[in-house]
$ cat query21.cif   # mmCIF, C-alpha atoms
data_start
#
loop_
_atom_site.label_atom_id
_atom_site.label_comp_id
_atom_site.auth_asym_id
_atom_site.auth_seq_id
_atom_site.Cartn_x
_atom_site.Cartn_y
_atom_site.Cartn_z
CA GLU A 3 -14.70 57.01 -64.55
CA ALA A 4 -16.16 59.45 -67.07
CA GLN A 5 -15.52 58.09 -70.52
CA VAL A 6 -16.60 57.38 -74.07
CA THR A 7 -16.26 53.76 -75.11
CA GLN A 8 -16.22 52.27 -78.60
CA ASN A 9 -16.37 48.70 -79.79
CA PRO A 10 -14.75 47.04 -81.50
CA ARG A 11 -11.37 48.75 -81.37
CA TYR A 12 -10.14 46.95 -84.48
CA LEU A 13 -12.16 45.41 -87.28
CA ILE A 14 -11.25 43.83 -90.58
CA THR A 15 -14.17 43.04 -92.84
CA VAL A 16 -15.06 42.46 -96.47
CA THR A 17 -16.89 44.66 -98.93
CA GLY A 18 -20.65 44.60 -98.49
CA LYS A 19 -20.85 42.94 -95.10
CA LYS A 20 -22.95 45.11 -92.81
CA LEU A 21 -21.31 46.21 -89.60
CA THR A 22 -22.03 48.33 -86.56
CA VAL A 23 -19.58 50.22 -84.39
CA THR A 24 -20.99 50.95 -80.97
CA CYS A 25 -20.39 54.10 -78.95
CA SER A 26 -21.45 54.75 -75.39
CA GLN A 27 -20.86 57.60 -72.95
CA ASN A 28 -21.50 57.71 -69.22
CA MET A 29 -21.43 61.51 -68.76
CA ASN A 30 -25.08 62.20 -69.59
CA HIS A 31 -24.01 64.37 -72.53
CA GLU A 32 -26.66 65.61 -74.95
CA TYR A 33 -24.41 65.90 -77.97
CA MET A 34 -22.62 63.08 -79.72
CA SER A 35 -20.71 62.86 -83.00
CA TRP A 36 -18.88 60.46 -85.25
CA TYR A 37 -15.66 61.37 -87.06
CA ARG A 38 -13.33 59.62 -89.41
CA GLN A 39 -9.63 60.37 -89.52
CA ASP A 40 -7.53 59.80 -92.60
CA PRO A 41 -3.87 60.74 -93.16
CA GLY A 42 -3.52 64.28 -94.42
CA LEU A 43 -7.23 65.00 -94.06
CA GLY A 44 -7.61 65.49 -90.33
CA LEU A 45 -10.88 64.60 -88.66
CA ARG A 46 -14.07 64.87 -90.65
CA GLN A 47 -17.49 64.80 -89.09
CA ILE A 48 -19.78 62.04 -90.35
CA TYR A 49 -22.95 62.50 -88.29
CA TYR A 50 -23.94 64.23 -85.11
CA SER A 51 -26.81 64.08 -82.67
CA MET A 52 -28.20 66.79 -80.43
CA ASN A 53 -30.41 64.51 -78.38
CA VAL A 54 -32.39 61.29 -78.48
CA GLU A 55 -33.97 60.79 -81.91
CA VAL A 56 -32.31 63.98 -83.24
CA THR A 57 -29.50 63.39 -85.73
CA ASP A 58 -28.05 65.28 -88.66
CA LYS A 59 -25.42 64.90 -91.35
CA GLY A 60 -21.90 66.13 -91.00
CA ASP A 61 -19.52 66.69 -93.87
CA VAL A 62 -19.04 63.09 -95.02
CA PRO A 63 -22.26 61.15 -94.31
CA GLU A 64 -22.42 59.05 -97.50
CA GLY A 65 -22.39 55.33 -96.80
CA TYR A 66 -23.12 55.68 -93.09
CA LYS A 67 -26.17 55.59 -90.86
CA VAL A 68 -26.64 56.42 -87.20
CA SER A 69 -29.34 56.14 -84.59
CA ARG A 70 -29.86 57.68 -81.18
CA LYS A 71 -32.51 55.73 -79.33
CA GLU A 72 -30.94 56.25 -75.91
CA LYS A 73 -29.03 59.23 -74.65
CA ARG A 74 -25.91 57.25 -73.84
CA ASN A 75 -25.57 55.29 -77.10
CA PHE A 76 -24.83 56.42 -80.64
CA PRO A 77 -23.98 53.51 -82.95
CA LEU A 78 -22.48 53.95 -86.41
CA ILE A 79 -23.81 51.61 -89.06
CA LEU A 80 -22.19 50.75 -92.36
CA GLU A 81 -24.85 48.94 -94.37
CA SER A 82 -22.55 47.97 -97.25
CA PRO A 83 -18.95 48.85 -96.43
CA SER A 84 -16.53 49.65 -99.24
CA PRO A 85 -12.72 49.90 -99.24
CA ASN A 86 -12.88 53.72 -99.23
CA GLN A 87 -14.39 53.50 -95.76
CA THR A 88 -11.17 52.04 -94.42
CA SER A 89 -10.28 54.58 -91.76
CA LEU A 90 -9.88 55.39 -88.08
CA TYR A 91 -13.22 56.26 -86.52
CA PHE A 92 -13.82 58.31 -83.40
CA CYS A 93 -16.98 58.83 -81.43
CA ALA A 94 -17.22 61.97 -79.29
CA SER A 95 -19.63 63.52 -76.84
CA ARG A 96 -19.97 66.88 -75.18
CA PRO A 97 -22.28 68.65 -72.75
CA THR A 98 -24.01 71.91 -73.55
CA GLY A 99 -21.68 74.88 -73.73
CA PRO A 100 -18.32 75.38 -75.44
CA TYR A 101 -16.89 72.87 -77.82
CA GLU A 102 -15.04 70.66 -75.37
CA GLN A 103 -15.57 67.24 -76.87
CA TYR A 104 -14.61 63.99 -75.22
CA PHE A 105 -13.38 61.40 -77.68
CA GLY A 106 -13.55 57.66 -77.50
CA PRO A 107 -10.39 55.57 -78.06
CA GLY A 108 -11.07 55.02 -81.76
CA THR A 109 -11.97 52.10 -84.00
CA ARG A 110 -9.60 51.11 -86.77
CA LEU A 111 -11.64 49.67 -89.63
CA THR A 112 -10.22 47.92 -92.66
CA VAL A 113 -12.52 46.95 -95.52
CA THR A 114 -11.04 44.58 -98.09
CA GLY B 12 -16.39 75.41 -98.92
CA GLN B 13 -14.78 75.23 -95.51
CA SER B 14 -11.04 75.28 -95.00
CA LEU B 15 -8.67 75.51 -92.08
CA GLU B 16 -4.97 75.89 -92.73
CA GLN B 17 -2.22 75.01 -90.32
CA PRO B 18 1.45 74.11 -90.84
CA SER B 19 2.03 70.42 -91.35
CA GLU B 20 5.02 70.18 -89.05
CA VAL B 21 6.86 72.24 -86.46
CA THR B 22 10.05 71.36 -84.63
CA ALA B 23 11.42 72.82 -81.40
CA VAL B 24 13.69 71.97 -78.49
CA GLU B 25 12.78 71.33 -74.88
CA GLY B 26 12.15 74.48 -72.90
CA ALA B 27 11.41 76.58 -75.97
CA ILE B 28 8.20 78.33 -77.00
CA VAL B 29 6.35 77.37 -80.15
CA GLN B 30 3.36 78.90 -81.91
CA ILE B 31 1.02 76.93 -84.17
CA ASN B 32 -1.08 79.10 -86.46
CA CYS B 33 -4.50 78.41 -87.86
CA THR B 34 -6.31 80.43 -90.50
CA TYR B 35 -9.84 79.55 -91.40
CA GLN B 36 -12.43 80.20 -94.05
CA THR B 37 -15.82 78.86 -93.05
CA SER B 38 -19.46 79.60 -93.70
CA GLY B 39 -20.20 80.06 -90.01
CA PHE B 40 -18.20 80.64 -86.87
CA TYR B 41 -19.02 79.38 -83.41
CA GLY B 42 -15.60 79.49 -81.88
CA LEU B 43 -12.11 78.08 -82.42
CA SER B 44 -10.89 75.14 -80.39
CA TRP B 45 -7.64 73.20 -80.18
CA TYR B 46 -7.04 69.50 -79.65
CA GLN B 47 -3.94 67.45 -78.98
CA GLN B 48 -3.47 63.93 -80.29
CA HIS B 49 -0.58 61.62 -79.46
CA ASP B 50 0.28 58.84 -81.87
CA GLY B 51 -2.19 56.00 -81.44
CA GLY B 52 -4.38 58.03 -79.14
CA ALA B 53 -7.60 59.98 -79.24
CA PRO B 54 -7.82 63.76 -79.56
CA THR B 55 -8.02 65.58 -76.24
CA PHE B 56 -9.39 69.08 -75.77
CA LEU B 57 -6.92 71.87 -75.01
CA SER B 58 -8.69 75.21 -75.34
CA TYR B 59 -11.55 77.17 -76.81
CA ASN B 60 -11.89 80.79 -77.96
CA ALA B 61 -15.26 82.30 -78.79
CA LEU B 62 -14.17 85.92 -78.54
CA ASP B 63 -11.09 87.81 -79.65
CA GLY B 64 -8.11 87.69 -77.38
CA LEU B 65 -5.89 85.36 -75.45
CA GLU B 66 -6.97 82.42 -73.27
CA GLU B 67 -4.34 80.94 -70.96
CA THR B 68 -4.35 77.48 -69.45
CA GLY B 69 -1.10 76.61 -67.75
CA ARG B 70 1.69 76.28 -70.30
CA PHE B 71 -0.76 76.54 -73.19
CA SER B 72 -2.39 79.70 -74.50
CA SER B 73 -4.72 80.23 -77.43
CA PHE B 74 -5.45 83.40 -79.33
CA LEU B 75 -8.23 84.41 -81.69
CA SER B 76 -8.76 87.30 -84.07
CA ARG B 77 -12.16 86.97 -85.73
CA SER B 78 -11.56 89.94 -88.04
CA ASP B 79 -8.49 88.18 -89.44
CA SER B 80 -10.02 84.68 -89.34
CA TYR B 81 -6.91 83.66 -87.50
CA GLY B 82 -5.88 81.98 -84.32
CA TYR B 83 -2.87 80.34 -82.77
CA LEU B 84 -1.88 77.94 -80.05
CA LEU B 85 1.15 78.91 -77.98
CA LEU B 86 3.03 76.25 -76.09
CA GLN B 87 5.57 77.40 -73.53
CA GLU B 88 8.31 75.55 -71.65
CA LEU B 89 8.11 72.71 -74.12
CA GLN B 90 8.50 69.19 -72.80
CA MET B 91 9.17 65.96 -74.65
CA LYS B 92 5.64 64.82 -73.87
CA ASP B 93 4.30 67.73 -75.93
CA SER B 94 5.39 65.90 -79.09
CA ALA B 95 2.04 65.21 -80.71
CA SER B 96 -0.29 66.43 -83.42
CA TYR B 97 -2.32 69.56 -82.79
CA PHE B 98 -5.59 70.31 -84.52
CA CYS B 99 -7.54 73.52 -84.71
CA ALA B 100 -11.28 73.20 -85.17
CA VAL B 101 -14.01 75.70 -85.98
CA GLY B 102 -17.62 75.34 -84.99
CA THR B 103 -19.57 76.10 -88.17
CA GLY B 104 -23.00 75.39 -86.75
CA PHE B 105 -24.57 74.53 -83.44
CA GLN B 106 -23.03 71.08 -83.39
CA LYS B 107 -20.99 71.04 -86.59
CA LEU B 108 -17.24 71.06 -86.20
CA VAL B 109 -14.63 71.33 -88.93
CA PHE B 110 -11.04 70.32 -88.15
CA GLY B 111 -7.79 71.42 -89.71
CA THR B 112 -5.44 68.79 -91.10
CA GLY B 113 -3.20 68.99 -88.05
CA THR B 114 0.31 70.14 -87.14
CA ARG B 115 2.83 67.58 -86.04
CA LEU B 116 5.04 69.00 -83.28
CA LEU B 117 8.40 67.35 -82.72
CA VAL B 118 10.21 68.32 -79.52
CA SER B 119 13.86 67.37 -79.29
CA PRO B 120 16.15 67.30 -76.24
#
$ encode --input "query21.cif" --output "structure tokens"
Amino acid sequence: EAQVTQNPRYLITVTGKKLTVTCSQNMNHEYMSWYRQDPGLGLRQIYYSMNVEVTDKGDVPEGYKVSRKEKRNFPLILESPSPNQTSLYFCASRPTGPYEQYFGPGTRLTVT
Amino acid sequence: GQSLEQPSEVTAVEGAIVQINCTYQTSGFYGLSWYQQHDGGAPTFLSYNALDGLEETGRFSSFLSRSDSYGYLLLQELQMKDSASYFCAVGTGFQKLVFGTGTRLLVSP
């Protein structure tokens, strides 16, 4: 089944404790992105990647890191999480062409 | 800055037609797309317009006017399962995508 998977789906952590949210897609898509969704703000792009080893900042990259060492994986790293990073996070991928993105199921992160 | 405006909420009854508008002000334009998101779920792609005009996909249609920086999503023959949030999104760069804040559609019997 073609899909984007994320892990974990739910995470509660404390301020400053490094964490990684994994994202993997099995559709051989070149492009991958991370978004955060907050009430009243819609989805905001954090980082995106156009291919292996090619990443760039979205609109809200502060406090996040990404890497793209393999085409299928695009982990999101929070080196020192803070409460303002409490949010719902989505990973997405798409092939070349129009903007039809495939989203993962989401990761709900709470930082206390 | 970049901004996309859409109504926060729209209500309609089953079988009706509803239009969700989106006006945008962005530094670049690489097409307007629409996504549907049910509560607790992930966004799913509905449609994409790169050129002016109407695109039809089943009960859903999407329209774009680049000169007016405006688009809309038209949902026909509404069903209860169409109750969801709908987001417009503008491609502002090759892989950059800016989303609106979403329109919550409530369909009643």
$ closest_atom_pairs --input "query21.cif" --of "chain B" --to "chain A" --cutoff "6 Å" --atoms "only C-alpha atoms" --output "CSV"
residue,atom,partner,partner_atom,distance
B:Ala53,CA,A:Pro107,CA,5.4
B:Phe56,CA,A:Glu102,CA,5.9
B:Phe110,CA,A:Leu45,CA,5.7
B:Gly111,CA,A:Gly44,CA,6.0
B:Thr112,CA,A:Gly44,CA,4.0
$ closest_residue --input "query21.cif" --among "A:Thr109, A:Asn75, A:Asn9, A:Asn86" --to "A:Asn30" --atoms "only C-alpha atoms"
A:Asn75
$ residues_around --input "query21.cif" --residues "stretch 38-52 of chain B" --least-positions-apart "4" --cutoff "10 Å" --atoms "only C-alpha atoms" --output "PDB file with C-alpha atoms, in the coordinates of the input"
ATOM      1  CA  PRO A 100     -18.320  75.380 -75.440  1.00  0.00           C
ATOM      2  CA  TYR A 101     -16.890  72.870 -77.820  1.00  0.00           C
ATOM      3  CA  GLU A 102     -15.040  70.660 -75.370  1.00  0.00           C
ATOM      4  CA  GLN A 103     -15.570  67.240 -76.870  1.00  0.00           C
ATOM      5  CA  PHE A 105     -13.380  61.400 -77.680  1.00  0.00           C
ATOM      6  CA  GLY A 106     -13.550  57.660 -77.500  1.00  0.00           C
ATOM      7  CA  PRO A 107     -10.390  55.570 -78.060  1.00  0.00           C
ATOM      8  CA  GLY A 108     -11.070  55.020 -81.760  1.00  0.00           C
TER       9      GLY A 108
ATOM     10  CA  GLY B  12     -16.390  75.410 -98.920  1.00  0.00           C
ATOM     11  CA  GLN B  13     -14.780  75.230 -95.510  1.00  0.00           C
ATOM     12  CA  SER B  14     -11.040  75.280 -95.000  1.00  0.00           C
ATOM     13  CA  CYS B  33      -4.500  78.410 -87.860  1.00  0.00           C
ATOM     14  CA  PHE B  56      -9.390  69.080 -75.770  1.00  0.00           C
ATOM     15  CA  LEU B  57      -6.920  71.870 -75.010  1.00  0.00           C
ATOM     16  CA  SER B  58      -8.690  75.210 -75.340  1.00  0.00           C
ATOM     17  CA  TYR B  59     -11.550  77.170 -76.810  1.00  0.00           C
ATOM     18  CA  ASN B  60     -11.890  80.790 -77.960  1.00  0.00           C
ATOM     19  CA  ALA B  61     -15.260  82.300 -78.790  1.00  0.00           C
ATOM     20  CA  LEU B  62     -14.170  85.920 -78.540  1.00  0.00           C
ATOM     21  CA  ASP B  63     -11.090  87.810 -79.650  1.00  0.00           C
ATOM     22  CA  SER B  73      -4.720  80.230 -77.430  1.00  0.00           C
ATOM     23  CA  PHE B  74      -5.450  83.400 -79.330  1.00  0.00           C
ATOM     24  CA  LEU B  75      -8.230  84.410 -81.690  1.00  0.00           C
ATOM     25  CA  SER B  76      -8.760  87.300 -84.070  1.00  0.00           C
ATOM     26  CA  ARG B  77     -12.160  86.970 -85.730  1.00  0.00           C
ATOM     27  CA  SER B  80     -10.020  84.680 -89.340  1.00  0.00           C
ATOM     28  CA  TYR B  81      -6.910  83.660 -87.500  1.00  0.00           C
ATOM     29  CA  GLY B  82      -5.880  81.980 -84.320  1.00  0.00           C
ATOM     30  CA  TYR B  83      -2.870  80.340 -82.770  1.00  0.00           C
ATOM     31  CA  LEU B  84      -1.880  77.940 -80.050  1.00  0.00           C
ATOM     32  CA  LYS B  92       5.640  64.820 -73.870  1.00  0.00           C
ATOM     33  CA  ASP B  93       4.300  67.730 -75.930  1.00  0.00           C
ATOM     34  CA  SER B  94       5.390  65.900 -79.090  1.00  0.00           C
ATOM     35  CA  ALA B  95       2.040  65.210 -80.710  1.00  0.00           C
ATOM     36  CA  SER B  96      -0.290  66.430 -83.420  1.00  0.00           C
ATOM     37  CA  TYR B  97      -2.320  69.560 -82.790  1.00  0.00           C
ATOM     38  CA  PHE B  98      -5.590  70.310 -84.520  1.00  0.00           C
ATOM     39  CA  CYS B  99      -7.540  73.520 -84.710  1.00  0.00           C
ATOM     40  CA  ALA B 100     -11.280  73.200 -85.170  1.00  0.00           C
ATOM     41  CA  VAL B 101     -14.010  75.700 -85.980  1.00  0.00           C
ATOM     42  CA  GLY B 102     -17.620  75.340 -84.990  1.00  0.00           C
ATOM     43  CA  THR B 103     -19.570  76.100 -88.170  1.00  0.00           C
ATOM     44  CA  GLY B 104     -23.000  75.390 -86.750  1.00  0.00           C
ATOM     45  CA  PHE B 105     -24.570  74.530 -83.440  1.00  0.00           C
ATOM     46  CA  GLN B 106     -23.030  71.080 -83.390  1.00  0.00           C
ATOM     47  CA  LYS B 107     -20.990  71.040 -86.590  1.00  0.00           C
ATOM     48  CA  LEU B 108     -17.240  71.060 -86.200  1.00  0.00           C
ATOM     49  CA  VAL B 109     -14.630  71.330 -88.930  1.00  0.00           C
ATOM     50  CA  PHE B 110     -11.040  70.320 -88.150  1.00  0.00           C
ATOM     51  CA  GLY B 111      -7.790  71.420 -89.710  1.00  0.00           C
ATOM     52  CA  GLY B 113      -3.200  68.990 -88.050  1.00  0.00           C
ATOM     53  CA  THR B 114       0.310  70.140 -87.140  1.00  0.00           C
ATOM     54  CA  ARG B 115       2.830  67.580 -86.040  1.00  0.00           C
TER      55      ARG B 115
END
$ atom_distance --input "query21.cif" --atom1 "atom CA of A:Thr112" --atom2 "atom CA of A:Gly65"
14.8 Å
$ residues_around --input "query21.cif" --residues "A:Arg74" --least-positions-apart "3" --cutoff "7 Å" --atoms "only C-alpha atoms" --output "PDB file with C-alpha atoms, keeping the file's coordinate frame"
ATOM      1  CA  SER A  26     -21.450  54.750 -75.390  1.00  0.00           C
ATOM      2  CA  GLN A  27     -20.860  57.600 -72.950  1.00  0.00           C
ATOM      3  CA  ASN A  28     -21.500  57.710 -69.220  1.00  0.00           C
ATOM      4  CA  ASN A  30     -25.080  62.200 -69.590  1.00  0.00           C
TER       5      ASN A  30
END
$ residues_around --input "query21.cif" --residues "A:Thr22" --least-positions-apart "4" --cutoff "9 Å" --atoms "all atoms listed in the file" --output "mmCIF file with C-alpha atoms, in the coordinates of the input"
data_model
loop_
_atom_site.group_PDB
_atom_site.id
_atom_site.type_symbol
_atom_site.label_atom_id
_atom_site.label_comp_id
_atom_site.auth_asym_id
_atom_site.auth_seq_id
_atom_site.Cartn_x
_atom_site.Cartn_y
_atom_site.Cartn_z
ATOM 1 C CA ASN A 9 -16.370 48.700 -79.790
ATOM 2 C CA PRO A 10 -14.750 47.040 -81.500
ATOM 3 C CA PRO A 77 -23.980 53.510 -82.950
ATOM 4 C CA LEU A 78 -22.480 53.950 -86.410
ATOM 5 C CA ILE A 79 -23.810 51.610 -89.060
ATOM 6 C CA LEU A 80 -22.190 50.750 -92.360
ATOM 7 C CA GLU A 81 -24.850 48.940 -94.370
#
$ resolve_selection --input "query21.cif" --expression "the PyMOL selection byres ((chain A and resi 71) around 6)" --output "compact mmCIF listing (two decimals) with C-alpha atoms, in the coordinates of the input"
# COMPACT_ATOMS: atom_id res chain seq x y z
CA VAL A 54 -32.39 61.29 -78.48
CA GLU A 55 -33.97 60.79 -81.91
CA ARG A 70 -29.86 57.68 -81.18
CA GLU A 72 -30.94 56.25 -75.91
